[in-house]
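Participant: Supplied in C-alpha cells, the structure appears directly below.
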Amino acid sequence: MDALTGLLEGPRARGAFMIRACFDPPWAVRVEDRAPLTVMLLVRGDAWLLPDRGEPVRLRAGDLAVARGPDPYTCADAAGTAPQALILPGGQCHYPDGRPLNGSMDLGVRAWGDRPDSGTVLLIGTYQMRGEIGGRLLDALPPLLSLGADVWECPLTPLLMQEVARDAPGQEVVLDRLLDLLVIAALRAWFARPEAEPPAWYEALSDPVVGPVLRLIQDDPARPWTVAGLAEKAGVSRAALARRFTRLVGEPPMSYLTGWRLALAADRLRDTDDTLAAIARQVGYGSAFALSTAFKRAFDVSPQEWRTRAAA
C-alpha cells in the first residue's frame with residue numbers, strides 16, 4: 001500500500017456527496033460544509049474559486065480543483081457575485097440568510113442548480129469524513145489547489161457525467177470508486193509537477209530502501225516489527241536503516257510505525273463496532289490496555305471517548 005492508497009483505504013469514499021451543479025451567470029455558492037476534501041471538475045464554462053484566505057483560482061473547462069477543509073470558500077462566475085446559496089455540513093442547502101432551499105434548485109438525479117443545460121457545469125465530489133490515516137497526506141496539501149487541462153487529462157470525465165445521472169442499484173458504490181480514482185489521479189498529477197514540494201515521506205516511497213520498508217509497515221501493521229527485522233527485509237544494517245529512514249521520512253521507523261498503528265485504530269474505532277481488544281490485535285498491540293494507553297497519549301482522549309465523539 002502506498003501513501004496515496006493510504007489516503008483512500010481508511011476514509012475511502014462511502015456514500016460520498018456527489019452532484020452535477022449547473023448554473024447560468026450570475027451565480028455564486030458559498031461552501032461552509034467543513035468537508036475534509038472536495039473535488040471539483042469543471043465540465044463546461046468558467047468559474048472562480050474564492051477562498052476566505054489566499055488567492056482566487058480561475059477554472060476553465062477541463063480544469064480540476066481540490067479544496068481541503070475545513071476552511072470555507074465561494075464558487076462563483078465572478079469575484080463580485082453575491083452568493084445565492086449556502087452549502088452546510090451533510091450537503092444541506094440554504095439561502096444565504098439561513099432559510100432552507102427545500103429542493104427548489106433540484107434538477108433530477110444528483111443534479112442541482114438553474115437548468116440541466118446551463119452554460120456552466122461542475123462535477124463535485126465530497127468526502128464527508130476525515131480519517132487519521134489520510135492526515136499525513138491531507139496536511140501536505142494546500143487549502144486549495146488546481147490542475148489545468150493543459151497539464152493533466154482526465155479520461156474519467158465522460159464516465160463521471162454518465163454515472164452521476166444514473167439511478168441504478170449500487171450506484172453510490174460506483175460513484176464512490178470513481179471519486180477515489182479521480183482523487184488518486186489528481187494527487188499523482190499534483191505531486192508530479194516540477195515545482196511540487198511533496199512531503200518527505202511521499203518522496204521516501206521511491207527510495208529503494210525506505211520505500212519497501214514503508215510498504216511493509218503499511219501492509220502488515222500487526223506484525224511485531226523491530227528495526228532489526230525491517231532492516232533485514234530491506235537488506236541493510238539496523239543502523240543504516242534507522243539513519244536513512246529518519247533522514248528521508250523525518251522520524252524514526254518505530255515512531256512512524258506507532259503513528260500508523262494508532263491511525264488505523266482511530267479509523268476502526270470510528271467505522272466499526274469491533275471491541276478494543278480486537279482492534280488492538282488488528283493493529284499490532286498486545287492488549288486493549290496497551291492500545292488504550294498509547295492512544296490516549298497520542299490523541300489526548302481515550303479510545304471510548306474517540307468512538308463516542310465520532311458517533312456524534
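The way I read the labels, and the way they are meant: chains A, B, ... in the order of the C-alpha cells, residue 1 as the first residue of every chain, and ligand 1 as the first ligand shown, with later ones counted on from there.
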Pick out each residue of stretch 110-295 of chain A that DSSP on the backbone tags as strand (DSSP E or B); I need them as a ChimeraX atom specification.
Facilitator: /A:111-113,120-127,144-147
Participant: Output N, CA, C and O atoms of each residue in that selection to a file, as an mmCIF file, in the first residue's frame.
Facilitator:
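Output saved as result-v2.cif:
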data_model
loop_
_atom_site.group_PDB
_atom_site.id
_atom_site.type_symbol
_atom_site.label_atom_id
_atom_site.label_comp_id
_atom_site.auth_asym_id
_atom_site.auth_seq_id
_atom_site.Cartn_x
_atom_site.Cartn_y
_atom_site.Cartn_z
ATOM 1 N N ALA A 111 -28.449 16.236 -9.665
ATOM 2 C CA ALA A 111 -28.259 17.467 -10.431
ATOM 3 C C ALA A 111 -28.906 18.614 -9.664
ATOM 4 O O ALA A 111 -29.967 18.460 -9.057
ATOM 5 N N TRP A 112 -28.254 19.769 -9.713
ATOM 6 C CA TRP A 112 -28.678 20.883 -8.874
ATOM 7 C C TRP A 112 -28.270 22.191 -9.543
ATOM 8 O O TRP A 112 -27.206 22.268 -10.169
ATOM 9 N N GLY A 113 -29.134 23.196 -9.455
ATOM 10 C CA GLY A 113 -28.769 24.488 -9.999
ATOM 11 C C GLY A 113 -29.906 25.154 -10.750
ATOM 12 O O GLY A 113 -31.075 25.079 -10.341
ATOM 13 N N THR A 120 -22.624 26.704 -17.400
ATOM 14 C CA THR A 120 -21.548 26.217 -16.539
ATOM 15 C C THR A 120 -21.988 24.921 -15.866
ATOM 16 O O THR A 120 -23.072 24.864 -15.263
ATOM 17 N N VAL A 121 -21.148 23.880 -15.989
ATOM 18 C CA VAL A 121 -21.444 22.593 -15.368
ATOM 19 C C VAL A 121 -20.215 22.141 -14.589
ATOM 20 O O VAL A 121 -19.112 22.057 -15.133
ATOM 21 N N LEU A 122 -20.427 21.854 -13.315
ATOM 22 C CA LEU A 122 -19.377 21.387 -12.411
ATOM 23 C C LEU A 122 -19.745 20.017 -11.859
ATOM 24 O O LEU A 122 -20.875 19.805 -11.418
ATOM 25 N N LEU A 123 -18.797 19.086 -11.909
ATOM 26 C CA LEU A 123 -18.954 17.829 -11.201
ATOM 27 C C LEU A 123 -18.274 17.985 -9.839
ATOM 28 O O LEU A 123 -17.092 18.338 -9.773
ATOM 29 N N ILE A 124 -19.000 17.735 -8.763
ATOM 30 C CA ILE A 124 -18.478 17.956 -7.416
ATOM 31 C C ILE A 124 -18.578 16.669 -6.618
ATOM 32 O O ILE A 124 -19.654 16.061 -6.544
ATOM 33 N N GLY A 125 -17.469 16.244 -6.036
ATOM 34 C CA GLY A 125 -17.453 15.076 -5.164
ATOM 35 C C GLY A 125 -16.835 15.443 -3.827
ATOM 36 O O GLY A 125 -15.763 16.060 -3.780
ATOM 37 N N THR A 126 -17.507 15.072 -2.737
ATOM 38 C CA THR A 126 -17.072 15.491 -1.414
ATOM 39 C C THR A 126 -16.935 14.304 -0.475
ATOM 40 O O THR A 126 -17.882 13.535 -0.292
ATOM 41 N N TYR A 127 -15.741 14.173 0.110
ATOM 42 C CA TYR A 127 -15.538 13.230 1.200
ATOM 43 C C TYR A 127 -16.021 13.906 2.476
ATOM 44 O O TYR A 127 -15.585 15.007 2.800
ATOM 45 N N LEU A 144 -6.262 25.001 -1.142
ATOM 46 C CA LEU A 144 -6.915 24.971 -2.447
ATOM 47 C C LEU A 144 -5.853 24.766 -3.519
ATOM 48 O O LEU A 144 -4.880 25.507 -3.588
ATOM 49 N N LEU A 145 -6.031 23.740 -4.339
ATOM 50 C CA LEU A 145 -5.095 23.503 -5.437
ATOM 51 C C LEU A 145 -5.886 23.293 -6.716
ATOM 52 O O LEU A 145 -7.060 22.913 -6.691
ATOM 53 N N SER A 146 -5.238 23.557 -7.841
ATOM 54 C CA SER A 146 -5.914 23.371 -9.128
ATOM 55 C C SER A 146 -4.956 22.774 -10.137
ATOM 56 O O SER A 146 -3.737 22.973 -10.063
ATOM 57 N N LEU A 147 -5.517 22.034 -11.066
ATOM 58 C CA LEU A 147 -4.774 21.436 -12.171
ATOM 59 C C LEU A 147 -5.462 21.833 -13.463
ATOM 60 O O LEU A 147 -6.639 21.535 -13.669
#
Participant: Quick one: residues within 12 Å of A:Lys233, only C-alpha atoms, excluding same-chain residues fewer than 4 positions away - as a PyMOL selection string?
Facilitator: chain A and resi 208-217+225-229+237-238+241
Participant: What does the distance between atom CA of A:Arg193 and atom CA of A:Glu153 come to in Å, to one decimal place?
Facilitator: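 Atom-to-atom, atom CA of A:Arg193 and atom CA of A:Glu153 are spaced 13.8 Å apart.
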Participant: Give me, as JSON lines, the closest atom pair and its distance (Å, one decimal) for every residue of stretch 137-225 of chain A within a cut-off of 8 Å of stretch 255-263 of chain A, counting only C-alpha atoms, rows sorted by chain and rising number.
Facilitator:
{"residue": "A:Ile217", "atom": "CA", "partner": "A:Leu257", "partner_atom": "CA", "distance": 6.4}
{"residue": "A:Gln218", "atom": "CA", "partner": "A:Trp260", "partner_atom": "CA", "distance": 7.2}
{"residue": "A:Pro221", "atom": "CA", "partner": "A:Arg261", "partner_atom": "CA", "distance": 6.2}
{"residue": "A:Ala222", "atom": "CA", "partner": "A:Arg261", "partner_atom": "CA", "distance": 7.9}
Participant: Please produce a file of those selected residues containing C-alpha atoms, as a PDB file, in the first residue's frame.
Facilitator:
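This is the output file selection_10.pdb:
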ATOM      1  CA  ILE A 217       4.680  -1.258   7.769  1.00  0.00           C
ATOM      2  CA  GLN A 218       1.534  -0.124   5.985  1.00  0.00           C
ATOM      3  CA  PRO A 221       0.989  -3.225  10.859  1.00  0.00           C
ATOM      4  CA  ALA A 222       0.014  -6.052  13.224  1.00  0.00           C
TER       5      ALA A 222
END
Participant: Would you list the contacts of A:Arg60 as a ChimeraX atom specification, taking every protein, DNA or RNA residue within 10 Å and counting only C-alpha atoms, but skipping same-chain residues closer than 2 positions in sequence?
Facilitator: /A:41-48,58,62-64,120,148-149
Participant: Export, as a PDB file, in the first residue's frame, the selected residues with C-alpha atoms.
Facilitator:
ATOM      1  CA  LEU A  41     -14.153  19.170 -12.130  1.00  0.00           C
ATOM      2  CA  LEU A  42     -15.311  21.914 -14.497  1.00  0.00           C
ATOM      3  CA  VAL A  43     -17.009  20.258 -17.464  1.00  0.00           C
ATOM      4  CA  ARG A  44     -18.304  23.380 -19.212  1.00  0.00           C
ATOM      5  CA  GLY A  45     -17.978  27.136 -18.818  1.00  0.00           C
ATOM      6  CA  ASP A  46     -15.823  29.216 -16.452  1.00  0.00           C
ATOM      7  CA  ALA A  47     -15.720  29.542 -12.691  1.00  0.00           C
ATOM      8  CA  TRP A  48     -13.801  31.172  -9.866  1.00  0.00           C
ATOM      9  CA  ARG A  58      -9.871  30.501 -12.027  1.00  0.00           C
ATOM     10  CA  GLY A  62     -11.357  20.564 -18.177  1.00  0.00           C
ATOM     11  CA  ASP A  63      -9.679  22.084 -15.094  1.00  0.00           C
ATOM     12  CA  LEU A  64      -9.885  20.418 -11.692  1.00  0.00           C
ATOM     13  CA  THR A 120     -21.548  26.217 -16.539  1.00  0.00           C
ATOM     14  CA  GLY A 148      -5.289  22.952 -15.596  1.00  0.00           C
ATOM     15  CA  ALA A 149      -6.442  20.884 -18.541  1.00  0.00           C
TER      16      ALA A 149
END
Participant: I'd like the contact shell of A:Ala288 - 7 Å cut-off, only C-alpha atoms, skipping same-chain residues fewer than 5 positions apart - returned as a list in words.
Facilitator: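 Skipping anything fewer than 5 positions along the chain leaves Leu276, Ala277 and Ala280 of chain A.
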Participant: Generate a file of the selected residues that holds N, CA and C atoms, formatted as a PDB file, in the first residue's frame.
Facilitator:
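This is the output file result32.pdb:
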ATOM      1  N   LEU A 276     -12.250  -3.105  21.644  1.00  0.00           N
ATOM      2  CA  LEU A 276     -10.915  -2.530  21.721  1.00  0.00           C
ATOM      3  C   LEU A 276      -9.855  -3.622  21.684  1.00  0.00           C
ATOM      4  N   ALA A 277     -10.141  -4.769  22.283  1.00  0.00           N
ATOM      5  CA  ALA A 277      -9.188  -5.878  22.253  1.00  0.00           C
ATOM      6  C   ALA A 277      -8.984  -6.385  20.831  1.00  0.00           C
ATOM      7  N   ALA A 280      -6.949  -3.852  18.941  1.00  0.00           N
ATOM      8  CA  ALA A 280      -5.561  -3.933  19.379  1.00  0.00           C
ATOM      9  C   ALA A 280      -4.825  -5.037  18.626  1.00  0.00           C
TER      10      ALA A 280
END
Participant: May I have the residues within 12 Å of A:Ser104 as JSON, numbers by chain, using only C-alpha atoms and disregarding those fewer than 2 positions away in the same chain?
Facilitator: {"A": [85, 93, 94, 95, 99, 100, 101, 102, 106, 107, 108, 111, 112, 113, 114, 115]}
Participant: Which of stretch 185-237 of chain A counts as alpha helix (DSSP H) under DSSP, as a PyMOL selection string please?
Facilitator: chain A and resi 185-191+200-204+210-219+227-234
